[in-house]
2 protein chains.
Amino acid sequence: MKNMLVAQSGGPSAAINATITGVIDAGIASDQVGHVYGARNGIKGVLNENFVNLDEVCDTKEKRDLLSVTPAAALGSCRWKLKDPKENAEEFEEIIRILRKNNIGYFVYTGGNDSMDTVYKLSIYCKENNIDDIKVMGAPKTIDNDLGETDHCPGFGSAAKFIATAFTEIACDCFVYDVPSVTIVEVMGRNAGWLTASSALARTEERRVPQLIYLCEKVFDEEKFIEDVNKALEKENNIIVAVSEGVKDATGHYVGEETKSGKEDAFGHKYLSGIGKYLEGLVGNRIGCKVRSVELNILQRCAGYMLSETDIIESRNLGAFAAVSAIRGESGKMSALKRICDDPYQVEIELADLSKIANFEKKVPMEWINEEGNDIKDDLLTYLKPLIQGEVQIPYENGVPRHFIL
Amino acid sequence: MKNMLVAQSGGPSAAINATITGVIDAGIASDQVGHVYGARNGIKGVLNENFVNLDEVCDTKEKRDLLSVTPAAALGSCRWKLKDPKENAEEFEEIIRILRKNNIGYFVYTGGNDSMDTVYKLSIYCKENNIDDIKVMGAPKTIDNDLGETDHCPGFGSAAKFIATAFTEIACDCFVYDVPSVTIVEVMGRNAGWLTASSALARTEERRVPQLIYLCEKVFDEEKFIEDVNKALEKENNIIVAVSEGVKDATGHYVGEETKSGKEDAFGHKYLSGIGKYLEGLVGNRIGCKVRSVELNILQRCAGYMLSETDIIESRNLGAFAAVSAIRGESGKMSALKRICDDPYQVEIELADLSKIANFEKKVPMEWINEEGNDIKDDLLTYLKPLIQGEVQIPYENGVPRHFIL
C-alpha cells in the first residue's frame, strides 16, 4: 500500500487549505492509501524531506473542517522553479529518490501557473524515465483566477467576495460627507483583471459603486481617466474607482512607473507606492477635489472571515478529485472546473491537460470589458456572481477567528 | 408633544448607526415623543433643515436591526465646528429657531471630541439664554477610544475586533514562507494608541503575533526599533510589527516626517505615504531582509462584517439612554459606560459631564505600556479583551452584506 503526499506552492489564498483538506479526506477514505503526508514549504519540503503526517495531525473531521476554513497555506509555501531536467536532472532524481524512500505513490501539488509547471515537468520526467509507481497530480489554486483549462480557480471566489464586500463598506464610508470626493481602490492583479472586475459585485439597485473600473487588460489612458472622473463627478458627489495594480499605458509600461519606481527615498530605496497613490496624486493635481487611495493589500488573499461557501466547497472537492484520480492511476493532470450552467449555477469536475496550463495566464476576455475601458459588461458579472455565493460560519475564540496551525 | 432629533458628526465607525438606532428605539417607544427626525450631515443638516423622518423610514424592528449593523454613518456626517457663541451667536440662534420651528424638544448628537464640544456649547448657550424647552444630549462615538469620562467608546470594540482579526490573518499569510521577513502594519491613531494596542488580541498560545507593538504615547526611537527587530529575528523567521500612524520622535515630530511629507511627487504633491512605508524603507536599508508594509486604512472603521456583539449592544443602549435621559429632562450631558468588572465583564450606563469631555483626548496610560516601549502590558489586554467578544450575524444579499441606506 502506497502513501500519499500533498504540498502547496505560490502565494497564499483563503482556500488552499480547503484543497489540502480534500486530499486528506480522500487519502483517509481510501483503502489503497497508507499515510497522507504533507511536505512543508512546497517542493523545497520534498527535497528536504520535511514531512508532517497529516492523517495523524488531522485525524478528526472537526480538525479537518477547521483546517479547511483557515486562510493562507498551513503547510507553508515556496517560490522554487525546478530546473529543466534535460539540462539538470539532479533535482528530479532526488525527488523520486525521496518519494520512493517514503513509499509515496501519489503526489498532489496545489498552486498556480508556476506550480503546474512543476507538476508538468515532474510528470514528463516520470514518463520519459518509465517511472510508473509514482502518480503526480495538480490541483488548481490562485486568487488571480488566471489558470487556463478551468472555469475558475479555487481561492478566487473568496478573494472576490472580500473585494466586493470591501467596496460596499468603503462606499458606506465615502458617502458620509457631502463634499465631492474621489476614492481610488487598488486591487491585486498584475496581468489579469479578474479581481478588479469583482468590485462590480458590490453594486446594488440602491448604490452603483464603484462607478469606474479599470482592468489591466485594456490600455490605461491618464487623460481619459481624468475625463471619466470629471464626468462622474457631474452626476454624483462621491466617486469610487477600482483599478488593477497592473494597468499599463499604450507603450506597455506600468502607469506612473517613473514616479512609482524611479524615485528613491532617503535610504536609496525606490518609491514603493502603487497605482492607487499615483492616481491619487493625479486627481489631486488635475481635479483638485478631496481624494484618497486605499490599497486592499494582502487581506485580499488571507481574509478567512469572508469566505465564499461555493469556493470552499469546490476547493475541497478539487483536492479530493485530484487525489482520487491519482489513486485510480491518472498522472500529469490537473483537477479542473467545467461550468454547466450560470443560473442555476452548476459545475462539474474534470481532469485537464497540464501542458495547456503550465506557464499560461488566462486574462479577462476583451468582449467582457466595455468599449470605453472604464467598466465591465454584464456577461462578466454573470460569470462572477455565482462564485461568491454562500457564507461560511467560522469558529471564534476569545473574539477572533480560530485557525488550524500545522 | 415634542419631537426628537438625532444627528452624527466626525469620522465614520461600524457602530454609529447602532447608536442612532438606539435613539430611534427610545423615541418610538416613548409616549412623550412625536416624531424622531434625523438631520443629514450633522449640525450642517440642522442649519440647512435637511431632515429625514426616521420613525417612518425605520418603522419596523427589522429595518432598525439592519440599520444597527450597517457601517459608517447612514445619516451622513460633517466636520463643522460651531463658533464661540460669545463672539458670534448667529449659528446658535439659527439652530434654536429651526429646532423650535420643527417642535423639537430633544436633540441627541453622536460623535467624538469635537462633536461633544458642539453639544457642550449648545447646552451652555441654552442655559445662559434660559432656553428650557430644548434638551441637548451627547452620545459617544469614536473608534479612537479617546473620549474621557467613559470606560470606552462605541465603535472602538468593532474596530479592535477587525484589527485583531486582520493580524491573525496577516500572520497566517506571513508564516507561509521560510525566509526571514518583517511585516509592518500601520494602524489608525494619531494621538492615542488604543487601536494599535488591540493588535495584541490576535495573540494565541500557538502564535504570539505581533511580536512588537509601538504606540504613539511613547517616544519612538529608530535605533531602538532596528535593535528590537534584529533581536526578534534571532528568535523567529517572520516578524510582525504593529505601529500607530502617529508615532513621534523625541522632538515631538512624526517619525519620518521629512521623508513622508517633505518630498513632492511629479505633481507638486507631498509624499503621502505613512509610517508603515517609512519603516519598510528603514528595515530594508538597515536589515536588508524581505520586508513589506500594510496600511489597514479605512476598513478599520467601516468593516461591518466584523462587528463586536458587545460593541453593537452597548452602542445601541447608549443611544437609547441619551434619548431617554433627554425625555426625562436632562441636558448638557453624555451617556457613558462605567466598568463594574473585567471578568465576568459588566458595565453600567451613566451620565457624564460634557465639560470634562469636550476637546479632551484620553490616551493609553503609560503604566499599561512596557518599559522598552515595544509592547503592551497584561493590564491593557485585560481591559481590551471584553470589548471584542461576541459576533453579529449580518444579512447577505447576492453574496455581499446587505446595508440600510437612508
# chains A, B, ... in the order shown; residues from 1 in each chain; ligands from 1

$ closest_atom_pairs --of "chain A" --to "chain B" --cutoff "8 Å" --atoms "only C-alpha atoms" --output "tab-separated table"
residue	atom	partner	partner_atom	distance
A:Pro12	CA	B:Asp173	CA	6.3
A:Asn41	CA	B:Tyr177	CA	6.8
A:Pro71	CA	B:Cys172	CA	6.5
A:Ala72	CA	B:Asp173	CA	5.1
A:Ala73	CA	B:Val176	CA	6.0
A:Ala74	CA	B:Val176	CA	7.1
A:Leu75	CA	B:Val176	CA	7.4
A:Gly76	CA	B:Val176	CA	4.1
A:Ser77	CA	B:Val176	CA	5.3
A:Cys78	CA	B:Tyr177	CA	6.0
A:Lys161	CA	B:Val400	CA	6.9
A:Ala164	CA	B:Val400	CA	6.8
A:Thr165	CA	B:Val400	CA	5.5
A:Ala166	CA	B:Leu299	CA	7.3
A:Thr168	CA	B:Pro401	CA	7.8
A:Glu169	CA	B:Cys302	CA	5.7
A:Ile170	CA	B:Cys302	CA	6.8
A:Cys172	CA	B:Ala72	CA	5.5
A:Asp173	CA	B:Ala72	CA	5.1
A:Phe175	CA	B:Gly76	CA	7.0
A:Val176	CA	B:Gly76	CA	4.1
A:Tyr177	CA	B:Ser77	CA	5.4
A:Asp178	CA	B:Asn41	CA	7.2
A:Leu201	CA	B:Val400	CA	7.8
A:Ala202	CA	B:Val400	CA	6.9
A:Glu206	CA	B:Ile405	CA	7.7
A:Thr259	CA	B:Ala266	CA	6.8
A:Asp265	CA	B:Thr259	CA	7.1
A:Ala266	CA	B:Thr259	CA	6.8
A:Phe267	CA	B:Asn285	CA	6.0
A:Gly268	CA	B:Asn285	CA	7.9
A:His269	CA	B:Gly281	CA	6.5
A:Leu272	CA	B:Lys277	CA	7.7
A:Ser273	CA	B:Ser273	CA	7.7
A:Lys277	CA	B:Leu272	CA	7.6
A:Gly281	CA	B:His269	CA	6.5
A:Leu282	CA	B:Phe267	CA	7.1
A:Gly284	CA	B:His269	CA	7.9
A:Asn285	CA	B:Phe267	CA	6.0
A:Val294	CA	B:Asn297	CA	6.7
A:Glu295	CA	B:Glu295	CA	7.7
A:Asn297	CA	B:Val294	CA	6.7
A:Ile298	CA	B:Ile170	CA	7.3
A:Leu299	CA	B:Ile170	CA	7.1
A:Cys302	CA	B:Glu169	CA	5.7
A:Ala303	CA	B:Glu169	CA	6.1
A:Gly304	CA	B:Glu169	CA	6.8
A:Ser308	CA	B:Gly399	CA	7.8
A:Lys385	CA	B:Asn398	CA	7.5
A:Ile388	CA	B:Gly399	CA	5.4
A:Gln389	CA	B:Gly399	CA	4.6
A:Gly390	CA	B:Gly399	CA	6.1
A:Glu391	CA	B:Gly399	CA	7.5
A:Asn398	CA	B:Gln389	CA	6.5
A:Gly399	CA	B:Gln389	CA	4.6
A:Val400	CA	B:Thr165	CA	5.5
A:Pro401	CA	B:Thr165	CA	6.6
A:Ile405	CA	B:Glu206	CA	7.7

$ select_by_dssp --residues "range 268-384 of chain A" --states "strand (DSSP E)" --output "NGL selection string"
:A and (290-295 or 333-342 or 345-353)

$ atom_distance --atom1 "CA of Ala232 in chain B" --atom2 "CA of Leu66 in chain A"
29.5 Å

$ atom_distance --atom1 "CA of Ala7 in chain A" --atom2 "CA of Ser244 in chain A"
29.7 Å

$ atom_distance --atom1 "CA of Glu234 in chain B" --atom2 "CA of Pro180 in chain B"
9.7 Å

$ select_by_dssp --residues "range 82-237 of chain A" --states "alpha helix (DSSP H)" --output "PyMOL selection string"
chain A and resi 90-101+113-128+156-174+194-197+222-235

$ closest_residue --among "B:Val46, B:Leu54, B:Ala250, B:Val119" --to "Ile95 in chain B" --atoms "only C-alpha atoms"
B:Val46

$ residues_around --residues "range 29-34 of chain A" --least-positions-apart "3" --cutoff "9 Å" --atoms "only C-alpha atoms" --output "list in words"
Met1, Lys2, Asn3, Met4, Ile24, Asp25, Ala26, Gly105, Tyr106, Val324 and Ile327 of chain A

$ residues_around --residues "Met334 in chain B" --least-positions-apart "5" --cutoff "12 Å" --atoms "only C-alpha atoms" --output "PyMOL selection string"
chain B and resi 107-113+115-120+123+135-141+147-150+153+318-326+349-358
